[in-house]
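Novice: Just one file: query_39.cif, with mmCIF, C-alpha atoms.
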data_final
#
loop_
_atom_site.label_atom_id
_atom_site.label_comp_id
_atom_site.auth_asym_id
_atom_site.auth_seq_id
_atom_site.Cartn_x
_atom_site.Cartn_y
_atom_site.Cartn_z
CA MET A 1 120.44 92.78 105.14
CA SER A 2 116.98 94.25 105.79
CA LEU A 3 116.97 95.93 102.38
CA LEU A 4 118.00 92.65 100.76
CA ILE A 5 115.05 90.95 102.46
CA CYS A 6 112.79 93.73 101.13
CA LEU A 7 114.13 93.09 97.63
CA ALA A 8 113.41 89.38 98.05
CA GLY A 9 109.95 90.19 99.41
CA GLY A 10 109.32 92.29 96.31
CA VAL A 11 110.25 89.35 94.11
CA ALA A 12 107.82 87.06 95.96
CA GLY A 13 105.08 89.70 96.09
CA GLY A 14 105.44 90.50 92.40
CA LEU A 15 105.35 86.82 91.41
CA LEU A 16 102.23 86.23 93.48
CA SER A 17 100.58 89.33 92.08
CA GLY A 18 101.26 88.24 88.53
CA MET A 19 100.36 84.58 89.02
CA LEU A 20 97.28 84.89 91.21
CA GLY A 21 96.00 88.40 90.54
CA ILE A 22 95.73 89.04 94.29
CA GLY A 23 98.26 91.83 94.82
CA GLY A 24 101.34 91.51 97.00
CA GLY A 25 99.92 93.15 100.11
CA ILE A 26 98.91 89.90 101.80
CA LEU A 27 102.60 88.94 101.77
CA ILE A 28 104.24 92.36 102.11
CA VAL A 29 102.31 93.48 105.22
CA PRO A 30 103.29 90.45 107.39
CA LEU A 31 106.85 90.70 106.07
CA LEU A 32 107.10 94.37 107.10
CA ILE A 33 105.46 93.71 110.48
CA TYR A 34 108.34 91.36 111.23
CA LEU A 35 111.03 93.38 109.49
CA LEU A 36 110.39 97.01 110.47
CA PRO A 37 111.36 96.54 114.14
CA ILE A 38 114.70 95.15 112.94
CA MET A 39 115.10 98.27 110.81
CA GLY A 40 114.67 100.43 113.92
CA MET A 41 110.99 101.34 113.62
CA PRO A 42 109.34 102.10 117.01
CA THR A 43 106.81 99.45 118.00
CA ALA A 44 103.85 101.85 117.98
CA LEU A 45 104.48 102.68 114.31
CA VAL A 46 105.16 99.20 112.95
CA VAL A 47 101.68 98.03 111.90
CA PRO A 48 100.35 101.26 110.31
CA THR A 49 103.70 101.80 108.58
CA ALA A 50 103.64 98.24 107.24
CA ILE A 51 100.16 98.84 105.80
CA GLY A 52 100.93 102.29 104.35
CA THR A 53 104.16 101.07 102.77
CA SER A 54 102.41 98.00 101.37
CA LEU A 55 99.81 100.19 99.65
CA ALA A 56 102.59 102.28 98.15
CA THR A 57 104.25 99.20 96.65
CA ILE A 58 100.90 97.88 95.36
CA MET A 59 100.32 101.21 93.59
CA LEU A 60 103.45 100.71 91.48
CA THR A 61 103.16 96.95 91.02
CA THR A 62 99.55 97.02 89.86
CA LEU A 63 100.22 100.02 87.60
CA SER A 64 102.64 97.88 85.62
CA GLY A 65 100.12 95.05 85.34
CA ALA A 66 97.21 97.36 84.55
CA ARG A 67 99.08 98.93 81.63
CA ALA A 68 99.84 95.50 80.19
CA HIS A 69 96.18 94.43 80.50
CA ALA A 70 94.97 97.66 78.93
CA LYS A 71 97.29 97.24 75.93
CA ARG A 72 95.81 93.79 75.35
CA GLY A 73 92.27 95.18 75.52
CA TYR A 74 91.23 93.08 78.54
CA VAL A 75 89.97 96.02 80.63
CA GLN A 76 86.19 96.50 80.52
CA TRP A 77 86.05 100.20 81.33
CA SER A 78 82.33 100.20 82.12
CA TRP A 79 83.08 98.08 85.20
CA VAL A 80 86.01 100.31 86.14
CA LYS A 81 83.80 103.41 85.98
CA LEU A 82 81.26 101.65 88.21
CA ILE A 83 83.58 100.24 90.86
CA ALA A 84 86.65 102.53 91.00
CA PRO A 85 84.92 105.73 92.27
CA ALA A 86 83.21 103.75 95.03
CA MET A 87 86.55 102.19 95.98
CA VAL A 88 88.09 105.67 96.17
CA VAL A 89 85.48 106.67 98.75
CA GLY A 90 86.20 103.48 100.69
CA GLY A 91 89.93 104.07 100.32
CA PHE A 92 89.69 107.44 102.10
CA ILE A 93 87.60 105.87 104.85
CA GLY A 94 89.96 102.93 105.30
CA GLY A 95 93.06 105.11 105.15
CA ALA A 96 91.69 107.52 107.76
CA LEU A 97 90.70 104.65 110.06
CA GLY A 98 93.99 102.83 109.60
CA ALA A 99 96.00 105.94 110.47
CA ARG A 100 94.15 106.27 113.80
CA LEU A 101 93.28 102.78 115.04
CA PRO A 102 95.47 101.26 117.80
CA PRO A 103 98.19 99.06 116.24
CA ASP A 104 97.07 95.89 118.05
CA VAL A 105 93.49 96.33 116.76
CA LEU A 106 94.80 97.03 113.25
CA GLN A 107 96.97 93.91 113.33
CA ARG A 108 94.03 91.71 114.31
CA VAL A 109 91.74 93.24 111.68
CA PHE A 110 94.38 92.45 109.08
CA ALA A 111 94.77 88.89 110.40
CA ILE A 112 91.00 88.26 110.19
CA VAL A 113 90.78 89.61 106.62
CA LEU A 114 93.83 87.51 105.72
CA LEU A 115 92.17 84.40 107.13
CA LEU A 116 88.92 85.05 105.22
CA LEU A 117 90.82 85.56 101.96
CA ALA A 118 92.74 82.33 102.53
CA LEU A 119 89.53 80.39 103.13
CA GLN A 120 88.00 81.93 100.00
CA MET A 121 91.03 80.78 98.00
CA ILE A 122 90.78 77.23 99.38
CA TRP A 123 87.04 76.78 98.85
CA LYS A 124 86.59 78.99 95.80
CA GLN A 125 83.63 77.81 93.76
CA ARG A 126 82.86 78.37 90.13
CA PRO A 127 79.89 80.67 89.48
CA GLN A 128 76.70 79.07 88.29
CA ALA A 129 76.01 79.03 84.58
CA GLN A 130 73.13 81.49 84.50
CA ASP A 131 73.77 85.17 83.88
CA ARG A 132 73.52 87.47 86.87
CA GLN A 133 72.19 91.00 86.35
CA HIS A 134 73.98 93.52 88.53
CA ASN A 135 72.36 96.42 90.35
CA PRO A 136 74.72 99.41 90.01
CA GLN A 137 73.85 100.76 93.46
CA VAL A 138 74.56 97.40 95.07
CA VAL A 139 77.88 97.11 93.23
CA ARG A 140 78.84 100.64 94.29
CA GLY A 141 78.01 99.84 97.90
CA ILE A 142 80.16 96.72 97.74
CA GLY A 143 82.89 98.81 96.11
CA VAL A 144 82.91 101.20 99.08
CA GLY A 145 83.22 98.22 101.42
CA ILE A 146 86.05 96.71 99.37
CA GLY A 147 87.91 100.01 99.29
CA THR A 148 87.54 100.47 103.04
CA ILE A 149 88.77 96.99 103.91
CA ALA A 150 91.62 97.01 101.39
CA ALA A 151 92.95 100.43 102.47
CA LEU A 152 92.47 99.57 106.14
CA VAL A 153 94.65 96.46 106.01
CA GLY A 154 96.99 97.31 103.12
CA ILE A 155 95.99 94.72 100.53
CA GLY A 156 95.27 95.18 96.85
CA GLY A 157 91.60 95.50 96.09
CA GLY A 158 91.99 92.81 93.45
CA ALA A 159 91.75 90.08 96.07
CA LEU A 160 88.17 91.23 96.68
CA VAL A 161 87.22 92.68 93.28
CA VAL A 162 87.99 89.51 91.30
CA PRO A 163 85.54 87.31 93.28
CA LEU A 164 82.87 90.01 92.92
CA LEU A 165 83.29 90.19 89.15
CA HIS A 166 83.52 86.41 88.94
CA TYR A 167 80.11 86.26 90.64
CA TYR A 168 78.69 88.47 87.89
CA GLN A 169 80.02 86.17 85.15
CA VAL A 170 82.88 88.42 84.03
CA ALA A 171 85.57 86.30 82.34
CA MET A 172 88.58 85.71 84.60
CA ARG A 173 91.15 87.49 82.43
CA ASN A 174 88.84 90.53 82.22
CA ALA A 175 88.13 90.39 85.97
CA VAL A 176 91.86 90.40 86.77
CA ALA A 177 92.42 93.30 84.36
CA ILE A 178 89.56 95.35 85.84
CA ALA A 179 90.78 94.59 89.37
CA ALA A 180 94.30 95.71 88.45
CA VAL A 181 93.09 99.12 87.26
CA CYS A 182 90.87 99.55 90.33
CA SER A 183 93.77 98.51 92.58
CA VAL A 184 96.00 101.24 91.15
CA VAL A 185 93.40 103.88 92.01
CA LEU A 186 92.69 102.44 95.45
CA ALA A 187 96.35 101.97 96.37
CA ALA A 188 97.14 105.55 95.35
CA VAL A 189 94.32 106.91 97.54
CA GLY A 190 95.35 104.67 100.43
CA THR A 191 99.01 105.62 100.11
CA PHE A 192 98.38 109.34 100.28
CA SER A 193 95.90 108.82 103.12
CA TYR A 194 98.55 107.04 105.18
CA MET A 195 101.06 109.73 104.24
CA LEU A 196 98.91 112.78 104.94
CA LEU A 197 96.22 111.73 107.43
CA ALA A 198 98.55 110.17 109.99
CA PRO A 199 98.57 111.94 113.37
CA GLU A 200 101.57 114.18 113.97
CA LEU A 201 104.44 111.81 114.71
CA LYS A 202 106.88 112.35 117.55
CA HIS A 203 109.60 110.31 115.87
CA GLY A 204 111.01 112.95 113.53
CA ASP A 205 114.46 111.37 113.79
CA ILE A 206 113.41 108.42 111.57
CA PRO A 207 114.84 109.25 108.14
CA GLY A 208 112.72 108.24 105.18
CA LEU A 209 109.43 108.05 107.09
CA ILE A 210 106.63 110.17 105.58
CA GLY A 211 103.48 109.76 107.62
CA TYR A 212 103.11 106.00 107.71
CA VAL A 213 105.05 105.24 104.52
CA TYR A 214 108.69 104.15 104.95
CA LEU A 215 110.53 105.14 101.77
CA PRO A 216 113.55 102.76 101.96
CA ALA A 217 111.31 99.69 102.26
CA TRP A 218 108.91 101.04 99.63
CA PHE A 219 111.60 101.61 97.01
CA ALA A 220 113.38 98.31 97.73
CA ILE A 221 110.21 96.21 97.47
CA ALA A 222 108.83 98.08 94.44
CA ALA A 223 112.14 97.79 92.58
CA THR A 224 111.71 94.03 92.25
CA SER A 225 107.93 93.60 92.53
CA VAL A 226 107.25 95.71 89.42
CA ILE A 227 109.60 93.52 87.36
CA PHE A 228 108.53 90.15 88.74
CA ALA A 229 104.81 90.87 88.43
CA ARG A 230 105.30 90.47 84.68
CA VAL A 231 107.28 87.27 85.23
CA GLY A 232 104.48 85.92 87.42
CA ALA A 233 101.92 86.66 84.73
CA ALA A 234 103.98 84.65 82.24
CA ILE A 235 104.38 81.75 84.70
CA ALA A 236 100.63 81.67 85.30
CA HIS A 237 100.13 80.34 81.77
CA ARG A 238 102.39 77.35 82.47
CA LEU A 239 101.63 76.26 86.05
CA PRO A 240 98.45 74.82 87.65
CA VAL A 241 97.60 78.07 89.41
CA ARG A 242 94.64 76.51 91.26
CA TYR A 243 96.95 74.24 93.27
CA LEU A 244 99.36 77.09 93.85
CA GLN A 245 96.49 79.18 95.22
CA ARG A 246 95.61 76.49 97.74
CA ALA A 247 99.20 76.02 98.87
CA PHE A 248 99.59 79.76 99.33
CA ALA A 249 96.27 79.93 101.17
CA ILE A 250 97.55 77.40 103.72
CA LEU A 251 100.54 79.67 104.30
CA LEU A 252 98.18 82.62 104.78
CA VAL A 253 96.20 80.70 107.38
CA SER A 254 99.33 80.06 109.43
CA VAL A 255 100.42 83.72 109.16
CA SER A 256 96.98 85.03 110.13
CA VAL A 257 96.77 82.73 113.16
CA HIS A 258 100.21 83.89 114.29
CA LEU A 259 99.22 87.56 113.90
CA LEU A 260 96.01 86.95 115.88
CA LEU A 261 97.91 85.35 118.75
CA SER A 262 101.02 87.54 118.79
#
Could you show the structure in this file as structure tokens?
Specialist:
Amino acid sequence: MSLLICLAGGVAGGLLSGMLGIGGGILIVPLLIYLLPIMGMPTALVVPTAIGTSLATIMLTTLSGARAHAKRGYVQWSWVKLIAPAMVVGGFIGGALGARLPPDVLQRVFAIVLLLLALQMIWKQRPQAQDRQHNPQVVRGIGVGIGTIAALVGIGGGALVVPLLHYYQVAMRNAVAIAAVCSVVLAAVGTFSYMLLAPELKHGDIPGLIGYVYLPAWFAIAATSVIFARVGAAIAHRLPVRYLQRAFAILLVSVSVHLLLS
């Protein structure tokens, strides 16, 4: 039953990733926080394992989307070369912190970031008409911050990269494509950080657990999320995504409040 729920979570996460360009981590992490204890995961390992496993699924889901965007020529590689290396640095920082922070602190950090993302989705404003010149050093600094936050709480960097690029007048379809490529790189760094930088675990009797990545949940979620990310991208052309964003943001607010209080 738990694996079936993971498969269903992958469907939902893939659809959201394709429709909204935000990655499935903001759904997958809360799902795993609730589900891993049922699957027999010790309480002390639940939150970091949820985050590490989420990053592993994002790595595969966004890879599928990034390849599709690249084939269509939507990726502006100059932005990728500017942001991705900085996000890699942040990814190592966030992964190292996430593997060592107390689980209750990690859960609340994730809940706060979730709440801020939800509010940004509700009150998202269009950029002003004038062009904005970007300072490469400033963008790199922001990229390090994005990578740190995203790897720390197990979300795709796209949820933070897209608003940044939108601010600098990058067209939305190009911003989503750039964010997808950057998210692949970031998620890969974060995944291996949670696998390799985790403290030595005393629960060697948990089959399928490598560091803080739980392979059964990873494979089950990725099996459906990779497929349904493409379906979500197709649906995005037919539905009023703006209203869907707001409805989903309200759900995120309720989840984040619950995680803060639990």
Novice: Atom CA of Gly90 of chain A and atom CA of Val144 of chain A are how many Å apart?
Specialist: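 Pair atom CA of Gly90 of chain A / atom CA of Val144 of chain A returns 4.3 Å.
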Novice: In terms of the shortest atom-to-atom distance over all atoms listed in the file, which of A:Ser193, A:Leu117, A:Trp79, A:Gly40 is closest to Ile206 of chain A?
Specialist: A:Gly40
Novice: Distance atom CA of Ile221 of chain A-atom CA of Arg100 of chain A, one decimal place?
Specialist: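 Distance reported for this atom pair: 25.0 Å.
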Novice: If you apply the PyMOL selection byres ((chain A and resi 111) around 6) to this file, what residues do you get, as a PDB file with C-alpha atoms, in the frame of the given file?
Specialist:
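Saved to selection-v6.pdb:
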ATOM      1  CA  ARG A 108      94.030  91.710 114.310  1.00  0.00           C
ATOM      2  CA  VAL A 109      91.740  93.240 111.680  1.00  0.00           C
ATOM      3  CA  PHE A 110      94.380  92.450 109.080  1.00  0.00           C
ATOM      4  CA  ILE A 112      91.000  88.260 110.190  1.00  0.00           C
ATOM      5  CA  VAL A 113      90.780  89.610 106.620  1.00  0.00           C
ATOM      6  CA  LEU A 114      93.830  87.510 105.720  1.00  0.00           C
ATOM      7  CA  SER A 256      96.980  85.030 110.130  1.00  0.00           C
ATOM      8  CA  LEU A 259      99.220  87.560 113.900  1.00  0.00           C
ATOM      9  CA  LEU A 260      96.010  86.950 115.880  1.00  0.00           C
TER      10      LEU A 260
END
Novice: Could you list the residues chosen by the PyMOL selection byres ((chain A and resi 231) around 10) in this structure as a list in words?
Specialist: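 So the PyMOL selection byres ((chain A and resi 231) around 10) ends up selecting Val11, Gly14, Leu15, Leu16, Ser17, Gly18, Met19, Ser225, Val226, Ile227, Phe228, Ala229, Arg230, Gly232, Ala233, Ala234, Ile235 and Ala236 of chain A.
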Novice: Between A:Met1, A:Val181, A:Val105, A:Leu209, which has the minimum distance to Ala70 of chain A (counting all atoms listed in the file)?
Specialist: A:Val181
Novice: Quick one: residues within 9 Å of Leu36 of chain A, only C-alpha atoms, excluding same-chain residues fewer than 3 positions away - as a compact mmCIF listing (two decimals) with C-alpha atoms, in the frame of the given file?
Specialist:
# COMPACT_ATOMS: atom_id res chain seq x y z
CA SER A 2 116.98 94.25 105.79
CA LEU A 31 106.85 90.70 106.07
CA LEU A 32 107.10 94.37 107.10
CA ILE A 33 105.46 93.71 110.48
CA MET A 39 115.10 98.27 110.81
CA GLY A 40 114.67 100.43 113.92
CA MET A 41 110.99 101.34 113.62
CA PRO A 42 109.34 102.10 117.01
CA THR A 43 106.81 99.45 118.00
CA VAL A 46 105.16 99.20 112.95
CA VAL A 47 101.68 98.03 111.90
CA THR A 49 103.70 101.80 108.58
CA ALA A 50 103.64 98.24 107.24
CA ALA A 217 111.31 99.69 102.26
Novice: Between atom CA of Ala99 of chain A and atom CA of Gly52 of chain A, what distance in Å does the model show, to one decimal?
Specialist: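 Separation between atom CA of Ala99 of chain A and atom CA of Gly52 of chain A: 8.7 Å.
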Novice: Please evaluate the PyMOL selection byres ((chain A and resi 183-189) around 7) against the structure above and give the resulting residues as an NGL selection string.
Specialist: :A and (55-56 or 58-59 or 62-63 or 84 or 87-88 or 91-92 or 147 or 156-158 or 179-182 or 190-193)
Novice: From the set A:Pro207, A:Pro216, A:Gly65, A:Pro48, which residue has the shortest atom-to-atom contact distance to Met195 of chain A, counting all atoms listed in the file?
Specialist: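 When distances to Met195 of chain A are compared using all atoms listed in the file, the smallest one comes from A:Pro48.
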Novice: Rank nothing, just name the residue among A:Gln120, A:Gln76, A:Ser64, A:Gln107 nearest to Arg246 of chain A, using all atoms listed in the file.
Specialist: A:Gln120
Novice: So, with all atoms listed in the file as the atoms that count, which of A:Val162, A:Ala86, A:Cys6, A:Leu252 lies closest to Leu116 of chain A?
Specialist: A:Leu252
Novice: Which is closer to Thr53 of chain A than all the others in A:Val213, A:Ala68, A:Ala150, A:Ala249, using all atoms listed in the file?
Specialist: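 So, comparing all the options, the nearest one is A:Val213.
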Novice: Return as AutoDock Vina command-line options the centre and edge lengths, in Å with one decimal, of the box along x, y and z that encloses every atom of segment 66-69 of chain A in the file, padded by 5 Å per side.
Specialist:
--center_x 98.0 --center_y 96.7 --center_z 82.4 --size_x 13.7 --size_y 14.5 --size_z 14.4
Novice: For Leu7 of chain A, work out the shell of residues within 8 Å, counting all atoms listed in the file and skipping chain neighbours fewer than 4 positions away, then give it as a count of residues only.
Specialist: 7
Novice: Can you take segment 141-216 of chain A from the block and write C-alpha atoms as a tab-separated table (two decimals), in the first residue's frame?
Specialist:
chain	number	residue	atom	x	y	z
A	141	GLY	CA	25.30	35.15	-5.09
A	142	ILE	CA	21.57	34.62	-5.38
A	143	GLY	CA	22.28	31.31	-7.12
A	144	VAL	CA	24.32	30.11	-4.14
A	145	GLY	CA	21.45	31.06	-1.85
A	146	ILE	CA	18.90	29.28	-4.05
A	147	GLY	CA	21.04	26.15	-4.18
A	148	THR	CA	21.51	26.14	-0.42
A	149	ILE	CA	17.81	26.54	0.36
A	150	ALA	CA	16.65	24.08	-2.30
A	151	ALA	CA	19.09	21.33	-1.25
A	152	LEU	CA	18.42	22.00	2.42
A	153	VAL	CA	14.68	21.43	2.16
A	154	GLY	CA	14.49	19.07	-0.83
A	155	ILE	CA	12.68	21.21	-3.40
A	156	GLY	CA	13.53	21.80	-7.03
A	157	GLY	CA	15.46	24.98	-7.61
A	158	GLY	CA	12.95	25.93	-10.29
A	159	ALA	CA	10.53	27.25	-7.69
A	160	LEU	CA	13.14	29.92	-6.89
A	161	VAL	CA	14.95	30.27	-10.22
A	162	VAL	CA	11.83	31.05	-12.27
A	163	PRO	CA	10.89	34.14	-10.19
A	164	LEU	CA	14.50	35.36	-10.39
A	165	LEU	CA	14.58	35.05	-14.18
A	166	HIS	CA	11.10	36.53	-14.44
A	167	TYR	CA	12.42	39.58	-12.58
A	168	TYR	CA	15.11	39.99	-15.23
A	169	GLN	CA	12.55	39.92	-18.06
A	170	VAL	CA	13.33	36.41	-19.29
A	171	ALA	CA	10.30	35.00	-21.13
A	172	MET	CA	8.37	32.48	-19.02
A	173	ARG	CA	8.89	29.48	-21.30
A	174	ASN	CA	12.64	30.20	-21.37
A	175	ALA	CA	12.72	30.75	-17.59
A	176	VAL	CA	11.05	27.38	-16.97
A	177	ALA	CA	13.48	25.69	-19.38
A	178	ILE	CA	16.54	27.28	-17.75
A	179	ALA	CA	15.21	26.38	-14.29
A	180	ALA	CA	14.68	22.77	-15.37
A	181	VAL	CA	18.31	22.39	-16.47
A	182	CYS	CA	19.59	24.07	-13.29
A	183	SER	CA	17.30	21.85	-11.19
A	184	VAL	CA	18.81	18.69	-12.70
A	185	VAL	CA	22.30	19.81	-11.69
A	186	LEU	CA	21.22	20.96	-8.24
A	187	ALA	CA	19.15	17.85	-7.50
A	188	ALA	CA	22.05	15.59	-8.52
A	189	VAL	CA	24.44	17.43	-6.18
A	190	GLY	CA	21.90	17.38	-3.37
A	191	THR	CA	21.14	13.70	-3.86
A	192	PHE	CA	24.74	12.61	-3.63
A	193	SER	CA	25.29	14.95	-0.67
A	194	TYR	CA	22.46	13.28	1.24
A	195	MET	CA	23.79	9.88	0.20
A	196	LEU	CA	27.45	10.42	1.03
A	197	LEU	CA	27.63	13.20	3.64
A	198	ALA	CA	25.13	11.70	6.07
A	199	PRO	CA	26.60	10.76	9.46
A	200	GLU	CA	27.26	7.06	9.94
A	201	LEU	CA	23.85	5.51	10.51
A	202	LYS	CA	23.16	2.97	13.23
A	203	HIS	CA	20.19	1.50	11.40
A	204	GLY	CA	21.99	-0.83	9.03
A	205	ASP	CA	19.05	-3.23	9.10
A	206	ILE	CA	16.94	-0.90	6.90
A	207	PRO	CA	17.15	-2.41	3.42
A	208	GLY	CA	17.27	0.06	0.56
A	209	LEU	CA	18.49	3.01	2.62
A	210	ILE	CA	21.68	4.64	1.27
A	211	GLY	CA	22.65	7.56	3.46
A	212	TYR	CA	19.43	9.56	3.54
A	213	VAL	CA	17.99	8.28	0.24
A	214	TYR	CA	15.39	5.49	0.48
A	215	LEU	CA	15.56	3.53	-2.77
A	216	PRO	CA	12.08	1.87	-2.75
